[in-house]
>>> print(open('coords_16.pdb').read())   # PDB, C-alpha atoms
MODEL        1
ATOM      1  CA  MET A1414     -72.780 -39.597  15.193
ATOM      2  CA  ASN A1415     -70.075 -37.077  15.660
ATOM      3  CA  CYS A1416     -68.784 -35.695  12.435
ATOM      4  CA  ILE A1417     -66.172 -33.111  11.830
ATOM      5  CA  PRO A1418     -67.628 -30.281   9.791
ATOM      6  CA  ARG A1419     -66.381 -30.018   6.236
ATOM      7  CA  SER A1420     -64.939 -26.575   6.754
ATOM      8  CA  ALA A1421     -62.703 -27.878   9.568
ATOM      9  CA  LEU A1422     -61.520 -30.747   7.352
ATOM     10  CA  TYR A1423     -60.835 -28.296   4.558
ATOM     11  CA  LEU A1424     -58.772 -26.075   6.892
ATOM     12  CA  LEU A1425     -56.903 -29.053   8.294
ATOM     13  CA  SER A1426     -56.012 -30.433   4.883
ATOM     14  CA  SER A1427     -54.994 -26.975   3.626
ATOM     15  CA  GLY A1428     -52.764 -26.533   6.659
ATOM     16  CA  LEU A1429     -51.129 -29.931   6.102
ATOM     17  CA  LEU A1430     -50.507 -29.125   2.432
ATOM     18  CA  LEU A1431     -48.997 -25.748   3.360
ATOM     19  CA  LEU A1432     -46.785 -27.361   5.991
ATOM     20  CA  GLY A1433     -45.675 -30.030   3.524
ATOM     21  CA  GLY A1434     -44.933 -27.382   0.917
ATOM     22  CA  LEU A1435     -42.806 -25.342   3.326
ATOM     23  CA  THR A1436     -40.680 -28.305   4.329
ATOM     24  CA  ALA A1437     -39.917 -28.960   0.675
ATOM     25  CA  CYS A1438     -38.435 -25.460   0.250
ATOM     26  CA  GLU A1439     -34.657 -25.245   0.084
ATOM     27  CA  THR A1440     -33.254 -23.246   2.976
ATOM     28  CA  THR A1441     -29.532 -23.302   2.165
ATOM     29  CA  LYS A1442     -27.702 -20.253   0.858
ATOM     30  CA  ARG A1443     -26.111 -20.571  -2.524
ATOM     31  CA  GLY A1444     -22.707 -19.100  -3.331
ATOM     32  CA  PHE A1445     -21.159 -19.619   0.101
ATOM     33  CA  PRO A1446     -19.322 -22.907   0.301
ATOM     34  CA  GLU A1447     -19.481 -24.604   3.644
ATOM     35  CA  MET A1448     -15.920 -25.800   3.321
ATOM     36  CA  SER A1449     -12.999 -23.776   2.059
ATOM     37  CA  THR A1450     -11.797 -24.584  -1.395
ATOM     38  CA  PRO A1451      -8.185 -25.637  -1.790
ATOM     39  CA  THR A1452      -5.876 -22.798  -2.741
ATOM     40  CA  THR A1453      -4.275 -22.764  -6.126
ATOM     41  CA  ASP A1454      -1.404 -20.540  -4.982
ATOM     42  CA  THR A1455       1.934 -21.666  -6.204
ATOM     43  CA  GLU A1456       5.064 -21.374  -4.114
ATOM     44  CA  GLU A1457       6.207 -18.550  -6.382
ATOM     45  CA  MET A1458       2.981 -16.571  -5.783
ATOM     46  CA  ARG A1459       3.350 -16.948  -2.014
ATOM     47  CA  ARG A1460       6.953 -15.771  -2.103
ATOM     48  CA  LYS A1461       5.975 -12.672  -4.079
ATOM     49  CA  ARG A1462       3.422 -11.706  -1.395
ATOM     50  CA  GLU A1463       5.898 -12.125   1.466
ATOM     51  CA  VAL A1464       7.253  -8.917   2.935
ATOM     52  CA  VAL A1465      10.852  -8.515   1.884
ATOM     53  CA  SER A1466      13.140  -5.938   3.471
ATOM     54  CA  LYS A1467      16.439  -4.790   2.101
ATOM     55  CA  GLN A1468      18.996  -2.590   3.819
ATOM     56  CA  VAL A1469      19.407   0.702   2.011
ATOM     57  CA  ALA A1470      21.571   2.713   4.397
ATOM     58  CA  GLU A1471      22.688   3.141   7.979
ATOM     59  CA  VAL A1472      22.889   6.080  10.347
ATOM     60  CA  ALA A1473      26.235   6.570  12.096
ATOM     61  CA  GLU A1474      27.040   9.625  14.210
ATOM     62  CA  GLY A1475      24.085  11.493  12.718
ATOM     63  CA  LYS A1476      25.233  10.917   9.129
ATOM     64  CA  ILE A1477      23.611   8.651   6.573
ATOM     65  CA  ARG A1478      25.860   6.136   4.816
ATOM     66  CA  TYR A1479      24.332   4.539   1.742
ATOM     67  CA  VAL A1480      24.737   0.756   1.518
ATOM     68  CA  ILE A1481      23.254   0.671  -1.994
ATOM     69  CA  PRO A1482      24.817   3.107  -4.504
ATOM     70  CA  ARG A1483      22.622   6.084  -5.407
ATOM     71  CA  GLU A1484      22.786   5.212  -9.114
ATOM     72  CA  GLN A1485      21.208   1.846  -8.335
ATOM     73  CA  LEU A1486      18.545   3.566  -6.205
ATOM     74  CA  SER A1487      17.781   6.001  -9.070
ATOM     75  CA  ALA A1488      17.360   3.070 -11.477
ATOM     76  CA  ALA A1489      15.033   1.338  -8.986
ATOM     77  CA  PHE A1490      12.906   4.510  -8.650
ATOM     78  CA  THR A1491      12.705   4.842 -12.453
ATOM     79  CA  ARG A1492      11.589   1.188 -12.674
ATOM     80  CA  GLU A1493       9.084   1.703  -9.814
ATOM     81  CA  PHE A1494       7.448   4.631 -11.632
ATOM     82  CA  GLY A1495       7.273   2.530 -14.790
ATOM     83  CA  ASP A1496       5.816   5.359 -16.867
ATOM     84  CA  GLY A1497       8.847   7.056 -18.393
ATOM     85  CA  THR A1498       9.767   9.142 -15.345
ATOM     86  CA  ALA A1499      13.556   9.608 -15.237
ATOM     87  CA  ILE A1500      14.893   9.870 -11.682
ATOM     88  CA  ASP A1501      18.162  11.750 -11.414
ATOM     89  CA  LYS A1502      18.416  12.399  -7.665
ATOM     90  CA  THR A1503      17.884  10.220  -4.609
ATOM     91  CA  VAL A1504      18.131  11.273  -0.970
ATOM     92  CA  ILE A1505      17.266   9.873   2.424
ATOM     93  CA  ARG A1506      15.563  12.448   4.622
ATOM     94  CA  LYS A1507      15.108  12.382   8.362
ATOM     95  CA  VAL A1508      11.728  13.681   9.539
ATOM     96  CA  GLN A1509      11.252  14.559  13.199
ATOM     97  CA  GLU A1510       8.505  16.980  14.226
ATOM     98  CA  THR A1511       9.910  17.592  17.724
ATOM     99  CA  PRO A1512      13.135  16.420  19.391
ATOM    100  CA  LYS A1513      11.041  14.136  21.620
ATOM    101  CA  ASP A1514       9.530  12.308  18.614
ATOM    102  CA  LYS A1515      11.144   9.219  17.153
ATOM    103  CA  ALA A1516      12.797  10.081  13.835
ATOM    104  CA  VAL A1517      11.329   8.624  10.663
ATOM    105  CA  TYR A1518      13.421   8.251   7.523
ATOM    106  CA  TYR A1519      12.152   8.423   3.939
ATOM    107  CA  ILE A1520      13.990   7.519   0.763
ATOM    108  CA  VAL A1521      13.022  10.007  -1.951
ATOM    109  CA  GLY A1522      13.611   9.879  -5.695
ATOM    110  CA  MET A1523      13.188  13.066  -7.753
ATOM    111  CA  GLY A1524      13.104  13.572 -11.504
ATOM    112  CA  LEU A1525      11.049  14.540 -14.542
ATOM    113  CA  ARG A1526       8.462  13.063 -16.867
ATOM    114  CA  ASN A1527       7.581  15.030 -20.018
ATOM    115  CA  GLY A1528       9.089  18.122 -18.382
ATOM    116  CA  MET A1529       6.923  17.826 -15.256
ATOM    117  CA  TYR A1530       8.401  17.378 -11.786
ATOM    118  CA  ARG A1531       7.908  13.918 -10.264
ATOM    119  CA  ALA A1532       8.948  12.519  -6.899
ATOM    120  CA  MET A1533       8.327   9.385  -4.872
ATOM    121  CA  ALA A1534       8.928   8.860  -1.159
ATOM    122  CA  LEU A1535       8.969   5.537   0.683
ATOM    123  CA  PRO A1536       9.191   5.261   4.486
ATOM    124  CA  LEU A1537      12.096   3.221   5.822
ATOM    125  CA  GLN A1538      12.228   1.009   8.904
ATOM    126  CA  THR A1539      14.951   1.612  11.464
ATOM    127  CA  SER A1540      16.569  -1.353  13.202
ATOM    128  CA  THR A1541      18.112  -1.314  16.682
ATOM    129  CA  ASP A1542      21.593  -0.929  15.155
ATOM    130  CA  ASN A1543      20.437   2.173  13.174
ATOM    131  CA  SER A1544      20.287   0.353   9.843
ATOM    132  CA  LEU A1545      17.606   1.630   7.448
ATOM    133  CA  TYR A1546      15.528  -0.985   5.630
ATOM    134  CA  LEU A1547      12.974  -0.658   2.844
ATOM    135  CA  PRO A1548      10.211  -3.261   3.269
ATOM    136  CA  SER A1549       8.128  -4.292   0.254
ATOM    137  CA  ASN A1550       4.931  -3.368   2.113
ATOM    138  CA  SER A1551       5.953   0.301   2.472
ATOM    139  CA  ALA A1552       3.542   2.740   0.912
ATOM    140  CA  ARG A1553       4.583   4.881  -2.054
ATOM    141  CA  TYR A1554       3.882   8.621  -1.883
ATOM    142  CA  ILE A1555       3.965   9.954  -5.449
ATOM    143  CA  ILE A1556       3.993  13.634  -6.437
ATOM    144  CA  THR A1557       3.271  14.995  -9.899
ATOM    145  CA  GLY A1558       3.886  18.699 -10.437
ATOM    146  CA  VAL A1559       1.465  20.501 -12.752
ATOM    147  CA  GLY A1560       2.964  23.855 -13.757
ATOM    148  CA  CYS A1561       5.220  23.606 -10.717
ATOM    149  CA  THR A1562       9.003  23.278 -11.061
ATOM    150  CA  PHE A1563       9.495  21.775  -7.588
ATOM    151  CA  CYS A1564       7.152  20.205  -5.037
ATOM    152  CA  PHE A1565       7.610  19.562  -1.318
ATOM    153  CA  PHE A1566       6.073  16.853   0.833
ATOM    154  CA  ASN A1567       4.108  18.167   3.829
ATOM    155  CA  PHE A1568       4.416  16.261   7.091
ATOM    156  CA  GLU A1569       2.287  15.983  10.183
ATOM    157  CA  LYS A1570       3.447  13.814  13.083
ATOM    158  CA  ASN A1571       6.273  12.495  10.866
ATOM    159  CA  GLU A1572       3.853  11.233   8.189
ATOM    160  CA  ILE A1573       3.301  12.596   4.684
ATOM    161  CA  VAL A1574      -0.094  14.311   4.561
ATOM    162  CA  GLY A1575       0.114  16.568   1.499
ATOM    163  CA  THR A1576       2.251  18.647  -0.850
ATOM    164  CA  THR A1577       3.234  22.251  -1.519
ATOM    165  CA  CYS A1578       4.275  23.866  -4.805
ATOM    166  CA  GLU A1579       7.520  25.873  -4.643
ATOM    167  CA  GLU A1580       6.125  28.856  -6.545
ATOM    168  CA  ASN A1581       2.653  30.028  -5.760
ATOM    169  CA  THR A1582       1.500  31.016  -9.244
ATOM    170  CA  GLY A1583      -2.061  30.621 -10.433
ATOM    171  CA  GLY A1584      -2.849  27.146 -11.705
ATOM    172  CA  SER A1585       0.312  25.522 -10.335
ATOM    173  CA  ARG A1586      -0.178  22.529  -8.103
ATOM    174  CA  CYS A1587       1.371  19.304  -6.865
ATOM    175  CA  ASP A1588      -0.828  16.223  -6.971
ATOM    176  CA  LEU A1589      -0.201  13.528  -4.349
ATOM    177  CA  ARG A1590      -1.132   9.893  -4.864
ATOM    178  CA  VAL A1591      -0.563   7.160  -2.283
ATOM    179  CA  GLU A1592      -0.100   3.550  -3.377
ATOM    180  CA  SER A1593       0.221   0.572  -1.060
ATOM    181  CA  ASN A1594       3.238  -1.717  -1.349
ATOM    182  CA  ASN A1595       6.162  -1.390  -3.712
ATOM    183  CA  THR A1596       8.292  -3.497  -6.010
ATOM    184  CA  PHE A1597      11.402  -1.404  -5.450
ATOM    185  CA  PHE A1598      13.722  -4.391  -5.130
ATOM    186  CA  VAL A1599      12.739  -7.082  -7.602
ATOM    187  CA  ARG A1600      13.027 -10.625  -6.199
ATOM    188  CA  LYS A1601      15.320 -12.906  -8.125
TER     189      LYS A1601
ENDMDL
END
>>> encode(input="coords_16.pdb", output="structure tokens")
Amino acid sequence: MNCIPRSALYLLSSGLLLLGGLTACETTKRGFPEMSTPTTDTEEMRRKREVVSKQVAEVAEGKIRYVIPREQLSAAFTREFGDGTAIDKTVIRKVQETPKDKAVYYIVGMGLRNGMYRAMALPLQTSTDNSLYLPSNSARYIITGVGCTFCFFNFEKNEIVGTTCEENTGGSRCDLRVESNNTFFVRK
């Protein structure tokens, strides 16, 4: 009579139990839904995220003509800072490293907060008819002077890359911070 040795039966039954145990294990990942969940965005939230552009000025015969009064631009800069900075001067500056480069325009607001120099620059978009627009997705370049009465933006290839303090005294500096997007023109 042919019999299977007990050790072989033991191995076979152990293997079947192990195989049965493995198939019972859960193999799905938790925390990653297989289907996307419906968005809870309201129409108002979507509109706020849309890029909005507003004409600020136009370039005619090499001169900049403001479409929005400078007083209104100063108030918008003060609101954009939102920390008590009082902007008293706004300018639009053309930046062009070489005559062959395309000119880039920046709108700049300058003022003071607690006696310290502050400035903010936002790049403008130029249309084919030489109108200058400020889109809501433009970055904000913010300068805070520490012991410095006036700070300059430094440019490389028509982009802001740093700052310089007007006077070169010990301990004086200009701190640059870059923020994405802006709320310069509040949607109504």
>>> resolve_selection(input="coords_16.pdb", expression="the PyMOL selection byres ((chain A and resi 1598) around 9)", output="count of residues only")
12
>>> residues_around(input="coords_16.pdb", residues="Phe1494 (chain A)", least_positions_apart="4", cutoff="12 Å", atoms="only C-alpha atoms", output="list in words")
Ser1487, Ala1488, Ala1489, Phe1490, Thr1498, Ala1499, Ile1500, Gly1522, Met1523, Gly1524, Leu1525, Arg1526, Arg1531, Ala1532, Met1533, Ala1534, Arg1553, Tyr1554, Ile1555, Ile1556, Thr1557, Glu1592, Asn1595, Thr1596 and Phe1597 of chain A
>>> residues_near_point(input="coords_16.pdb", point="(20.4, 5.6, 6.6)", cutoff="10 Å", atoms="only C-alpha atoms", output="ChimeraX atom specification")
/A:1468-1473,1475-1480,1504-1507,1518-1520,1537-1539,1543-1546
>>> closest_residue(input="coords_16.pdb", among="A:Ile1481, A:Cys1578, A:Asn1571, A:Leu1589", to="Pro1512 (chain A)", atoms="all atoms listed in the file")
A:Asn1571
>>> closest_residue(input="coords_16.pdb", among="A:Cys1587, A:Val1508, A:Val1574, A:Leu1535", to="Val1521 (chain A)", atoms="only C-alpha atoms")
A:Leu1535
>>> atom_distance(input="coords_16.pdb", atom1="CA of Glu1510 (chain A)", atom2="CA of Phe1568 (chain A)")
8.3 Å
>>> axis_aligned_box(input="coords_16.pdb", around="region 1526-1544 of chain A", padding_each_side="3 Å", output="JSON")
{"center_x": 14.3, "center_y": 8.4, "center_z": -1.7, "size_x": 20.7, "size_y": 25.5, "size_z": 42.7}
>>> atom_distance(input="coords_16.pdb", atom1="CA of Lys1502 (chain A)", atom2="CA of Asp1542 (chain A)")
26.6 Å
>>> residues_around(input="coords_16.pdb", residues="Asn1594 (chain A)", least_positions_apart="6", cutoff="6 Å", atoms="only C-alpha atoms", output="ChimeraX atom specification")
/A:1549-1552
>>> atom_distance(input="coords_16.pdb", atom1="CA of Thr1503 (chain A)", atom2="CA of Pro1482 (chain A)")
9.9 Å
>>> resolve_selection(input="coords_16.pdb", expression="the PyMOL selection byres ((chain A and resi 1564) around 6)", output="list in words")
Phe1563, Phe1565, Thr1577, Cys1578 and Glu1579 of chain A
